[in-house]
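Pasting input_12.pdb here (PDB, C-alpha atoms):
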ATOM      1  CA  MET M   1     -71.933 145.740  30.233
ATOM      2  CA  ARG M   2     -73.591 142.986  28.224
ATOM      3  CA  ALA M   3     -71.659 141.649  25.255
ATOM      4  CA  PHE M   4     -73.086 142.401  21.826
ATOM      5  CA  GLU M   5     -75.349 139.526  20.881
ATOM      6  CA  THR M   6     -74.845 137.382  17.818
ATOM      7  CA  THR M   7     -77.670 136.306  15.555
ATOM      8  CA  PRO M   8     -78.501 132.573  15.440
ATOM      9  CA  VAL M   9     -78.689 131.040  11.973
ATOM     10  CA  GLU M  10     -80.077 127.590  11.243
ATOM     11  CA  SER M  11     -77.438 125.205   9.941
ATOM     12  CA  THR M  12     -78.032 123.708   6.504
ATOM     13  CA  THR M  13     -75.120 121.238   6.627
ATOM     14  CA  GLU M  14     -76.017 117.687   7.698
ATOM     15  CA  GLY M  15     -74.109 116.607  10.773
ATOM     16  CA  GLN M  16     -73.146 120.210  11.605
ATOM     17  CA  ALA M  17     -74.071 121.831  14.920
ATOM     18  CA  ALA M  18     -77.708 122.778  15.295
ATOM     19  CA  ALA M  19     -76.984 126.465  14.930
ATOM     20  CA  ALA M  20     -74.231 128.726  13.761
ATOM     21  CA  THR M  21     -73.830 132.389  14.605
ATOM     22  CA  LEU M  22     -73.344 135.557  12.660
ATOM     23  CA  GLY M  23     -70.918 138.105  13.953
ATOM     24  CA  ARG M  24     -71.872 141.642  14.936
ATOM     25  CA  ALA M  25     -71.436 144.506  12.462
ATOM     26  CA  ILE M  26     -70.823 147.790  14.259
ATOM     27  CA  VAL M  27     -70.593 151.129  12.463
ATOM     28  CA  ILE M  28     -68.312 153.740  14.033
ATOM     29  CA  THR M  29     -69.690 157.136  13.130
ATOM     30  CA  SER M  30     -70.038 160.753  14.220
ATOM     31  CA  GLY M  31     -71.362 163.012  11.481
ATOM     32  CA  LYS M  32     -68.495 165.464  11.802
ATOM     33  CA  GLY M  33     -65.131 164.780  10.219
ATOM     34  CA  GLY M  34     -61.887 164.885  12.150
ATOM     35  CA  VAL M  35     -63.154 163.546  15.476
ATOM     36  CA  GLY M  36     -61.131 160.312  15.381
ATOM     37  CA  LYS M  37     -63.433 157.682  13.850
ATOM     38  CA  THR M  38     -60.651 155.988  11.900
ATOM     39  CA  THR M  39     -58.223 155.967  14.811
ATOM     40  CA  THR M  40     -60.980 154.603  17.044
ATOM     41  CA  THR M  41     -61.866 151.877  14.531
ATOM     42  CA  ALA M  42     -58.235 150.787  14.227
ATOM     43  CA  ASN M  43     -57.572 150.734  17.956
ATOM     44  CA  VAL M  44     -60.824 149.141  19.089
ATOM     45  CA  GLY M  45     -60.382 146.478  16.412
ATOM     46  CA  THR M  46     -56.784 145.878  17.474
ATOM     47  CA  ALA M  47     -57.840 145.573  21.109
ATOM     48  CA  LEU M  48     -60.651 143.144  20.250
ATOM     49  CA  ALA M  49     -58.216 140.984  18.272
ATOM     50  CA  ALA M  50     -55.845 141.003  21.246
ATOM     51  CA  LEU M  51     -58.694 139.507  23.289
ATOM     52  CA  GLY M  52     -58.762 136.601  20.850
ATOM     53  CA  LYS M  53     -61.743 137.775  18.802
ATOM     54  CA  ARG M  54     -61.778 137.373  15.040
ATOM     55  CA  VAL M  55     -62.179 140.912  13.674
ATOM     56  CA  VAL M  56     -62.388 142.632  10.291
ATOM     57  CA  LEU M  57     -62.169 146.385   9.839
ATOM     58  CA  VAL M  58     -64.050 147.786   6.853
ATOM     59  CA  ASP M  59     -63.068 151.185   5.471
ATOM     60  CA  ALA M  60     -66.330 152.571   4.078
ATOM     61  CA  ASP M  61     -64.847 155.981   3.266
ATOM     62  CA  VAL M  62     -64.680 155.440  -0.493
ATOM     63  CA  GLY M  63     -62.418 158.010  -2.144
ATOM     64  CA  LEU M  64     -60.672 159.037   1.082
ATOM     65  CA  ARG M  65     -59.336 155.866   2.647
ATOM     66  CA  ASN M  66     -57.018 156.160   5.645
ATOM     67  CA  LEU M  67     -57.638 153.079   7.750
ATOM     68  CA  ASP M  68     -54.843 151.208   5.971
ATOM     69  CA  ILE M  69     -52.370 153.944   6.937
ATOM     70  CA  VAL M  70     -53.385 153.972  10.603
ATOM     71  CA  LEU M  71     -52.863 150.196  10.670
ATOM     72  CA  GLY M  72     -49.578 150.408   8.762
ATOM     73  CA  LEU M  73     -50.951 148.189   5.984
ATOM     74  CA  GLU M  74     -50.944 150.610   3.046
ATOM     75  CA  ASN M  75     -48.258 148.629   1.183
ATOM     76  CA  ARG M  76     -50.247 145.409   1.445
ATOM     77  CA  VAL M  77     -53.505 146.644  -0.085
ATOM     78  CA  ARG M  78     -53.988 145.269  -3.607
ATOM     79  CA  TYR M  79     -57.768 145.202  -3.910
ATOM     80  CA  HIS M  80     -60.595 147.048  -2.234
ATOM     81  CA  LEU M  81     -64.231 146.891  -1.184
ATOM     82  CA  LEU M  82     -65.607 147.833  -4.598
ATOM     83  CA  ASP M  83     -63.478 145.176  -6.287
ATOM     84  CA  VAL M  84     -65.346 142.598  -4.205
ATOM     85  CA  ILE M  85     -68.789 144.159  -4.640
ATOM     86  CA  GLU M  86     -68.360 144.379  -8.411
ATOM     87  CA  GLY M  87     -67.126 140.789  -8.649
ATOM     88  CA  ASN M  88     -63.622 141.618  -9.882
ATOM     89  CA  VAL M  89     -61.974 139.581  -7.114
ATOM     90  CA  GLY M  90     -63.039 137.261  -4.338
ATOM     91  CA  LEU M  91     -63.308 138.361  -0.738
ATOM     92  CA  ASP M  92     -60.198 136.405   0.249
ATOM     93  CA  ASP M  93     -58.170 138.315  -2.342
ATOM     94  CA  ALA M  94     -59.172 141.690  -0.889
ATOM     95  CA  LEU M  95     -58.810 140.929   2.821
ATOM     96  CA  VAL M  96     -55.480 142.043   4.251
ATOM     97  CA  ARG M  97     -54.239 140.355   7.415
ATOM     98  CA  ASP M  98     -52.758 142.596  10.065
ATOM     99  CA  LYS M  99     -49.000 142.489  10.668
ATOM    100  CA  ARG M 100     -49.378 142.018  14.412
ATOM    101  CA  SER M 101     -52.393 139.740  14.839
ATOM    102  CA  GLU M 102     -53.667 136.728  12.948
ATOM    103  CA  ASN M 103     -57.161 137.580  14.227
ATOM    104  CA  LEU M 104     -57.358 141.010  12.586
ATOM    105  CA  TYR M 105     -58.112 141.792   8.922
ATOM    106  CA  LEU M 106     -58.696 144.908   6.836
ATOM    107  CA  LEU M 107     -60.998 145.451   3.871
ATOM    108  CA  ALA M 108     -59.811 148.731   2.368
ATOM    109  CA  ALA M 109     -61.874 151.373   0.610
ATOM    110  CA  ALA M 110     -61.391 152.306  -3.035
ATOM    111  CA  GLN M 111     -59.229 155.403  -3.236
ATOM    112  CA  ALA M 112     -60.032 156.522  -6.783
ATOM    113  CA  ARG M 113     -63.791 155.967  -6.787
ATOM    114  CA  GLU M 114     -66.846 157.849  -5.510
ATOM    115  CA  LYS M 115     -69.161 156.966  -2.628
ATOM    116  CA  GLU M 116     -72.064 156.916  -5.092
ATOM    117  CA  ASP M 117     -70.417 153.933  -6.829
ATOM    118  CA  VAL M 118     -71.344 151.670  -3.918
ATOM    119  CA  ASP M 119     -74.664 149.852  -4.313
ATOM    120  CA  THR M 120     -76.413 149.733  -0.944
ATOM    121  CA  ALA M 121     -77.919 146.265  -1.455
ATOM    122  CA  GLU M 122     -74.530 144.870  -2.460
ATOM    123  CA  MET M 123     -72.948 146.507   0.573
ATOM    124  CA  MET M 124     -75.484 144.772   2.803
ATOM    125  CA  ASN M 125     -74.717 141.464   1.134
ATOM    126  CA  LEU M 126     -70.989 141.982   1.666
ATOM    127  CA  MET M 127     -71.484 142.751   5.356
ATOM    128  CA  GLU M 128     -73.458 139.528   5.745
ATOM    129  CA  GLN M 129     -70.616 137.569   4.163
ATOM    130  CA  LEU M 130     -68.184 139.161   6.600
ATOM    131  CA  ARG M 131     -70.456 138.419   9.564
ATOM    132  CA  GLU M 132     -70.388 134.755   8.586
ATOM    133  CA  ARG M 133     -66.592 134.734   8.936
ATOM    134  CA  PHE M 134     -65.831 137.212  11.726
ATOM    135  CA  GLU M 135     -67.076 137.764  15.254
ATOM    136  CA  TYR M 136     -66.861 141.540  14.889
ATOM    137  CA  VAL M 137     -67.136 143.661  11.761
ATOM    138  CA  LEU M 138     -66.163 147.264  12.536
ATOM    139  CA  ILE M 139     -67.172 149.731   9.823
ATOM    140  CA  ASP M 140     -65.278 153.031   9.607
ATOM    141  CA  CYS M 141     -68.000 155.463   8.515
ATOM    142  CA  PRO M 142     -67.202 158.505   6.340
ATOM    143  CA  ALA M 143     -68.039 161.986   7.562
ATOM    144  CA  GLY M 144     -71.402 163.508   6.698
ATOM    145  CA  ILE M 145     -74.909 162.086   6.463
ATOM    146  CA  GLU M 146     -75.216 161.455   2.739
ATOM    147  CA  THR M 147     -74.579 158.386   0.569
ATOM    148  CA  GLY M 148     -71.449 157.233   2.380
ATOM    149  CA  PHE M 149     -73.205 157.286   5.743
ATOM    150  CA  ARG M 150     -76.241 155.427   4.407
ATOM    151  CA  ASN M 151     -74.069 152.709   2.880
ATOM    152  CA  ALA M 152     -71.973 152.354   6.027
ATOM    153  CA  ILE M 153     -74.965 151.740   8.279
ATOM    154  CA  ALA M 154     -76.802 149.550   5.763
ATOM    155  CA  GLY M 155     -75.281 146.258   6.859
ATOM    156  CA  ALA M 156     -74.740 147.089  10.534
ATOM    157  CA  GLN M 157     -76.793 146.272  13.620
ATOM    158  CA  HIS M 158     -75.189 148.619  16.115
ATOM    159  CA  ALA M 159     -73.480 152.017  16.214
ATOM    160  CA  ILE M 160     -70.731 153.579  18.258
ATOM    161  CA  ILE M 161     -70.795 157.371  18.201
ATOM    162  CA  VAL M 162     -67.407 159.101  18.458
ATOM    163  CA  CYS M 163     -67.615 162.689  19.658
ATOM    164  CA  THR M 164     -65.025 165.232  20.716
ATOM    165  CA  PRO M 165     -65.888 167.781  23.442
ATOM    166  CA  GLU M 166     -66.776 170.537  20.964
ATOM    167  CA  VAL M 167     -70.153 172.146  20.399
ATOM    168  CA  SER M 168     -70.085 171.498  16.636
ATOM    169  CA  ALA M 169     -69.139 167.824  17.113
ATOM    170  CA  VAL M 170     -71.907 167.309  19.668
ATOM    171  CA  ARG M 171     -74.504 168.889  17.399
ATOM    172  CA  ASP M 172     -73.460 166.729  14.429
ATOM    173  CA  ALA M 173     -73.400 163.594  16.585
ATOM    174  CA  ASP M 174     -76.904 164.394  17.815
ATOM    175  CA  ARG M 175     -78.067 164.673  14.223
ATOM    176  CA  VAL M 176     -76.528 161.302  13.329
ATOM    177  CA  VAL M 177     -78.143 159.558  16.291
ATOM    178  CA  GLY M 178     -81.516 160.777  15.020
ATOM    179  CA  LEU M 179     -80.827 159.217  11.611
ATOM    180  CA  LEU M 180     -79.986 155.737  12.869
ATOM    181  CA  PRO M 181     -82.552 152.967  12.345
ATOM    182  CA  ASN M 182     -85.319 152.565  14.895
ATOM    183  CA  GLY M 183     -84.481 150.066  17.588
ATOM    184  CA  TRP M 184     -80.766 150.745  17.628
ATOM    185  CA  SER M 185     -79.181 151.645  20.968
ATOM    186  CA  PRO M 186     -75.972 153.485  20.047
ATOM    187  CA  GLU M 187     -73.178 153.948  22.558
ATOM    188  CA  LEU M 188     -70.826 156.886  23.015
ATOM    189  CA  ILE M 189     -67.065 157.333  23.019
ATOM    190  CA  VAL M 190     -65.874 160.795  24.013
ATOM    191  CA  ASN M 191     -62.527 161.375  22.320
ATOM    192  CA  ARG M 192     -59.647 163.799  22.939
ATOM    193  CA  LEU M 193     -60.681 164.879  26.406
ATOM    194  CA  ARG M 194     -58.324 167.257  28.231
ATOM    195  CA  PRO M 195     -59.345 167.329  31.900
ATOM    196  CA  ALA M 196     -57.163 170.353  32.677
ATOM    197  CA  LEU M 197     -59.118 172.433  30.161
ATOM    198  CA  VAL M 198     -62.407 171.091  31.489
ATOM    199  CA  LYS M 199     -61.484 172.198  34.999
ATOM    200  CA  LYS M 200     -60.719 175.684  33.692
ATOM    201  CA  GLY M 201     -64.091 175.827  31.959
ATOM    202  CA  LYS M 202     -62.480 175.936  28.513
ATOM    203  CA  MET M 203     -63.658 172.546  27.260
ATOM    204  CA  LEU M 204     -66.898 170.601  27.470
ATOM    205  CA  SER M 205     -66.888 167.841  30.064
ATOM    206  CA  VAL M 206     -68.107 164.318  29.373
ATOM    207  CA  GLU M 207     -71.235 165.163  31.347
ATOM    208  CA  ASP M 208     -71.783 168.268  29.228
ATOM    209  CA  VAL M 209     -71.501 166.232  26.035
ATOM    210  CA  ASN M 210     -73.880 163.562  27.249
ATOM    211  CA  ALA M 211     -76.367 166.046  28.631
ATOM    212  CA  ILE M 212     -77.152 166.537  24.938
ATOM    213  CA  LEU M 213     -76.627 163.064  23.492
ATOM    214  CA  ARG M 214     -77.937 160.976  26.399
ATOM    215  CA  LEU M 215     -76.228 157.767  25.305
ATOM    216  CA  PRO M 216     -74.659 154.886  27.243
ATOM    217  CA  LEU M 217     -71.001 155.795  27.754
ATOM    218  CA  LEU M 218     -68.684 153.157  26.293
ATOM    219  CA  GLY M 219     -65.413 154.964  26.961
ATOM    220  CA  VAL M 220     -63.444 158.190  27.306
ATOM    221  CA  ILE M 221     -60.202 158.712  25.388
ATOM    222  CA  PRO M 222     -57.769 161.286  26.776
ATOM    223  CA  ASP M 223     -55.929 163.666  24.483
ATOM    224  CA  GLU M 224     -52.247 162.685  24.365
ATOM    225  CA  PRO M 225     -49.479 163.323  21.807
ATOM    226  CA  GLY M 226     -48.763 159.605  21.679
ATOM    227  CA  VAL M 227     -51.771 158.897  19.476
ATOM    228  CA  ILE M 228     -50.401 161.138  16.718
ATOM    229  CA  VAL M 229     -47.050 159.362  16.860
ATOM    230  CA  SER M 230     -48.661 155.920  16.740
ATOM    231  CA  THR M 231     -50.925 156.925  13.843
ATOM    232  CA  ASN M 232     -48.012 158.272  11.809
ATOM    233  CA  LYS M 233     -46.055 155.075  12.464
ATOM    234  CA  GLY M 234     -48.988 152.828  11.592
ATOM    235  CA  GLU M 235     -48.858 151.184  15.014
ATOM    236  CA  PRO M 236     -52.189 151.262  16.920
ATOM    237  CA  ILE M 237     -51.667 152.630  20.409
ATOM    238  CA  ALA M 238     -54.062 150.059  21.858
ATOM    239  CA  LEU M 239     -51.092 147.708  22.142
ATOM    240  CA  ASP M 240     -49.028 150.164  24.217
ATOM    241  CA  GLU M 241     -49.191 148.987  27.823
ATOM    242  CA  ASN M 242     -47.722 152.291  29.034
ATOM    243  CA  SER M 243     -50.272 154.567  27.390
ATOM    244  CA  ALA M 244     -53.427 155.900  29.029
ATOM    245  CA  ILE M 245     -55.013 156.020  25.573
ATOM    246  CA  GLY M 246     -54.079 152.402  24.967
ATOM    247  CA  ALA M 247     -55.608 151.424  28.296
ATOM    248  CA  ALA M 248     -58.802 153.309  27.406
ATOM    249  CA  PHE M 249     -59.138 151.483  24.081
ATOM    250  CA  ARG M 250     -58.517 148.132  25.747
ATOM    251  CA  ALA M 251     -61.200 148.915  28.317
ATOM    252  CA  ILE M 252     -63.642 149.755  25.509
ATOM    253  CA  ALA M 253     -62.908 146.436  23.805
ATOM    254  CA  GLY M 254     -63.468 144.662  27.099
ATOM    255  CA  ARG M 255     -66.866 146.283  27.519
ATOM    256  CA  ILE M 256     -67.831 145.358  23.957
ATOM    257  CA  VAL M 257     -67.191 141.666  24.632
ATOM    258  CA  GLY M 258     -69.011 141.844  27.947
ATOM    259  CA  GLU M 259     -66.152 141.944  30.438
ATOM    260  CA  ASP M 260     -66.855 143.730  33.714
ATOM    261  CA  ARG M 261     -64.600 146.775  33.509
ATOM    262  CA  GLY M 262     -66.545 148.828  36.025
ATOM    263  CA  GLU M 263     -67.961 152.278  35.466
ATOM    264  CA  VAL M 264     -66.369 154.488  32.810
ATOM    265  CA  SER M 265     -64.132 157.090  34.437
ATOM    266  CA  THR M 266     -64.882 160.542  33.055
ATOM    267  CA  THR M 267     -62.026 162.216  34.964
ATOM    268  CA  THR M 268     -63.963 165.485  34.898
ATOM    269  CA  PRO M 269     -65.836 167.639  37.409
ATOM    270  CA  GLU M 270     -69.581 167.644  37.827
ATOM    271  CA  PRO M 271     -71.669 169.118  34.963
ATOM    272  CA  GLY M 272     -71.274 172.862  34.822
ATOM    273  CA  PHE M 273     -71.876 175.851  32.640
ATOM    274  CA  PHE M 274     -71.768 173.995  29.339
ATOM    275  CA  THR M 275     -74.764 171.819  30.195
ATOM    276  CA  LYS M 276     -76.850 174.897  29.504
ATOM    277  CA  LEU M 277     -75.868 174.619  25.847
ATOM    278  CA  GLY M 278     -78.605 171.993  25.476
ATOM    279  CA  ALA M 279     -80.949 174.729  24.349
ATOM    280  CA  LEU M 280     -78.860 175.097  21.200
ATOM    281  CA  PHE M 281     -79.715 171.579  20.096
ATOM    282  CA  GLY M 282     -83.410 171.353  20.755
ATOM    283  CA  GLY M 283     -82.898 167.945  22.421
ATOM    284  CA  ARG M 284     -84.312 164.626  21.234
ATOM    285  CA  ALA M 285     -87.465 163.211  22.741
TER     286      ALA M 285
END
Could you quickly redo this structure as C-alpha cells?
Amino acid sequence: MRAFETTPVESTTEGQAAAATLGRAIVITSGKGGVGKTTTTANVGTALAALGKRVVLVDADVGLRNLDIVLGLENRVRYHLLDVIEGNVGLDDALVRDKRSENLYLLAAAQAREKEDVDTAEMMNLMEQLRERFEYVLIDCPAGIETGFRNAIAGAQHAIIVCTPEVSAVRDADRVVGLLPNGWSPELIVNRLRPALVKKGKMLSVEDVNAILRLPLLGVIPDEPGVIVSTNKGEPIALDENSAIGAAFRAIAGRIVGEDRGEVSTTTPEPGFFTKLGALFGGRA
C-alpha cells in the first residue's frame, strides 16, 4: 500500500531547503459510538510512533474525552484543545508527551465544554499548525454526524472508518462515508471480529461488511479480552508483542507508512448469507 502523501510547502526561510512538508491529518471516524475509534486512534498512533514517526493524537470529542485515559496520560493533562484555540495557552503548553515514546504526543479535548464551542475555522488553523510539526496527526472523531463530526474532519485530508461487524455499525459507517468531502478515499478497519461466530453464521464477516461499504481494507482487529485490560491500564496493546491485536495494529501502522505487509487477512469464510443485507442500505453509487 502506498504511504500517505505529504503536501509540499514552499520554504520562506533564506538558506533553508527548497521545500518543507506538511504532515498528514487523518480523522478516525465511524458514525456510531462504541465501535472502538478511541482505542484504534491510541493504538495506531502508538504503533506509528514505534516506527519512528512523529505523531500527535487529537481528541476531538469535546465534552466526553477518553483518549487520555486509554493512553494512561489523564494525570498529565493540564490544558486542552479549546485552551489553544481560544488563545489561553500556547500549543506547547497543551501538548502532552507520551510516557513510552518521545515521538508521540496528545492534545486532549475539553471535558467541561460543548462541541458547539469549537470554531471550525480555528480548528482548521490548529490542524495546520500540528501538520507543520508532526508527520501524522490522528484525530479521534466523536460519534454522530453533527457539529463534532464536522469539526473533526475540517482540518483532515484522509479518513479511516472503524466499523464493527454489526448491521447498525455498517449502516452508520455507510452514512459517514457519504458525508466525507469529495475526493477523499477512506479506508476501512473492521474491529472486534470473532471468526468462530462468523463461521456459525452469527456475526457478519469482513466480506459481508465490505459488500456494503466497498472500501480499501486497511486492517482487521480480532476481538480479544486483552484489549479491555490494556485500555483499563492505560497501556496501548500495540506494544504487546504477544498479542494478535497488537500485531494487527502494528500491521495497520506499517501499511499507513507504505510498508509492504501483504494482503489483509480477514480470517473469515467466503461471503455468505449476510451479504444479502445490502438491500437494507440502498448502496452508494
**Study point:** Shell of 8 Å around region 135-144 of chain M, only C-alpha atoms, local chain residues under 3 positions omitted, as a ChimeraX atom specification
**Key:** /M:22-33,37-38,41,45,53-62,67,127,130-131,148-149,152-153
Practice item. Determine the nearest neighbour of Arg65 (chain M) from the options M:Asp93, M:Arg78, M:Gly34, M:Ala110, counting only C-alpha atoms. Key: M:Ala110
Review point. Of the candidates M:Leu239, M:Val190, M:Ala94, M:Val162, which shows the shortest atom-to-atom distance to Ala108 (chain M), using only C-alpha atoms?
Key: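 Nearest candidate to Ala108 (chain M) out of M:Leu239, M:Val190, M:Ala94, M:Val162: M:Ala94.
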Practice item. Step by step, work through what the PyMOL selection byres ((chain M and resi 115) around 8) selects in the shown file, and finish by giving those residues as an MDAnalysis selection string. Key: chainID M and resid 61:63 113:114 116:118 147:148
**Study point:** Interatomic distance (Å, one decimal) between CA of Glu166 (chain M) and CA of Lys199 (chain M)
**Key:** 15.1 Å
Review point. Any chance you could work out the residue set of the PyMOL selection byres ((chain M and resi 188) around 9) here, as a ChimeraX atom specification?
Key: /M:159-163,186-187,189-190,210,213-220
May I have the selected residues written with C-alpha atoms, as an mmCIF file, in the coordinates of the input?
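For reference, result00.cif as written:
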data_model
loop_
_atom_site.group_PDB
_atom_site.id
_atom_site.type_symbol
_atom_site.label_atom_id
_atom_site.label_comp_id
_atom_site.auth_asym_id
_atom_site.auth_seq_id
_atom_site.Cartn_x
_atom_site.Cartn_y
_atom_site.Cartn_z
ATOM 1 C CA ALA M 159 -73.480 152.017 16.214
ATOM 2 C CA ILE M 160 -70.731 153.579 18.258
ATOM 3 C CA ILE M 161 -70.795 157.371 18.201
ATOM 4 C CA VAL M 162 -67.407 159.101 18.458
ATOM 5 C CA CYS M 163 -67.615 162.689 19.658
ATOM 6 C CA PRO M 186 -75.972 153.485 20.047
ATOM 7 C CA GLU M 187 -73.178 153.948 22.558
ATOM 8 C CA ILE M 189 -67.065 157.333 23.019
ATOM 9 C CA VAL M 190 -65.874 160.795 24.013
ATOM 10 C CA ASN M 210 -73.880 163.562 27.249
ATOM 11 C CA LEU M 213 -76.627 163.064 23.492
ATOM 12 C CA ARG M 214 -77.937 160.976 26.399
ATOM 13 C CA LEU M 215 -76.228 157.767 25.305
ATOM 14 C CA PRO M 216 -74.659 154.886 27.243
ATOM 15 C CA LEU M 217 -71.001 155.795 27.754
ATOM 16 C CA LEU M 218 -68.684 153.157 26.293
ATOM 17 C CA GLY M 219 -65.413 154.964 26.961
ATOM 18 C CA VAL M 220 -63.444 158.190 27.306
#
Review point. Once the PyMOL selection byres ((chain M and resi 241-244) around 10) has been applied to the shown file, what residues remain in the selection, as a PyMOL selection string?
Key: chain M and resi 221-224+226-227+237-240+245-250
Check your understanding: Which protein, DNA or RNA residues have an atom at most 9 Å from (-51.1, 148.0, 5.0), counting only C-alpha atoms? List them as a list in words.
Key ->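 So the residues meeting the distance criterion are Leu67, Asp68, Ile69, Val70, Leu71, Gly72, Leu73, Glu74, Asn75, Arg76, Val77, Val96, Arg97, Asp98, Lys99, Leu106 and Gly234 of chain M.
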Practice item. Take CA of Ala49 (chain M) and CA of Ser101 (chain M) and report the distance between them in Å, one decimal. Key: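 It comes out at 6.9 Å.
Our summary of the geometry notes that CA of Ala173 (chain M) is positioned 15.0 Å from CA of Glu207 (chain M).
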Review point. Closest to Arg194 (chain M) among M:Thr39, M:Asn125, M:Thr231, M:Thr266, using all atoms listed in the file?
Key: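 Ranked by minimum distance to Arg194 (chain M), first place goes to M:Thr266.
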**Study point:** Counting only C-alpha atoms, the residue of M:Val44, M:Ile145, M:Ala112, M:Met123 that sits nearest Val84 (chain M)
**Key:** M:Met123
Exercise for review: Compare M:Glu122, M:Leu95, M:Ala50, M:Leu204 by their minimum atom-to-atom distance to His80 (chain M), counting all atoms listed in the file, and give me the closest one.
Suggested key: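 Under the stated criterion, the closest residue is M:Leu95.
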Emit as AutoDock Vina command-line options the padded axis-aligned box for all listed atoms of region 94-110 of chain M, 4 Å per side, with centre and edge lengths in Å to one decimal.
--center_x -55.4 --center_y 144.5 --center_z 5.9 --size_x 20.9 --size_y 23.6 --size_z 25.9
Exercise for review: Identify which of the residues M:Leu104, M:Val35, M:Gln111, M:Asn66 lies closest to Leu82 (chain M), counting all atoms listed in the file when measuring atom-to-atom distances.
Suggested key: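 For Leu82 (chain M), the nearest of the given residues is M:Gln111.
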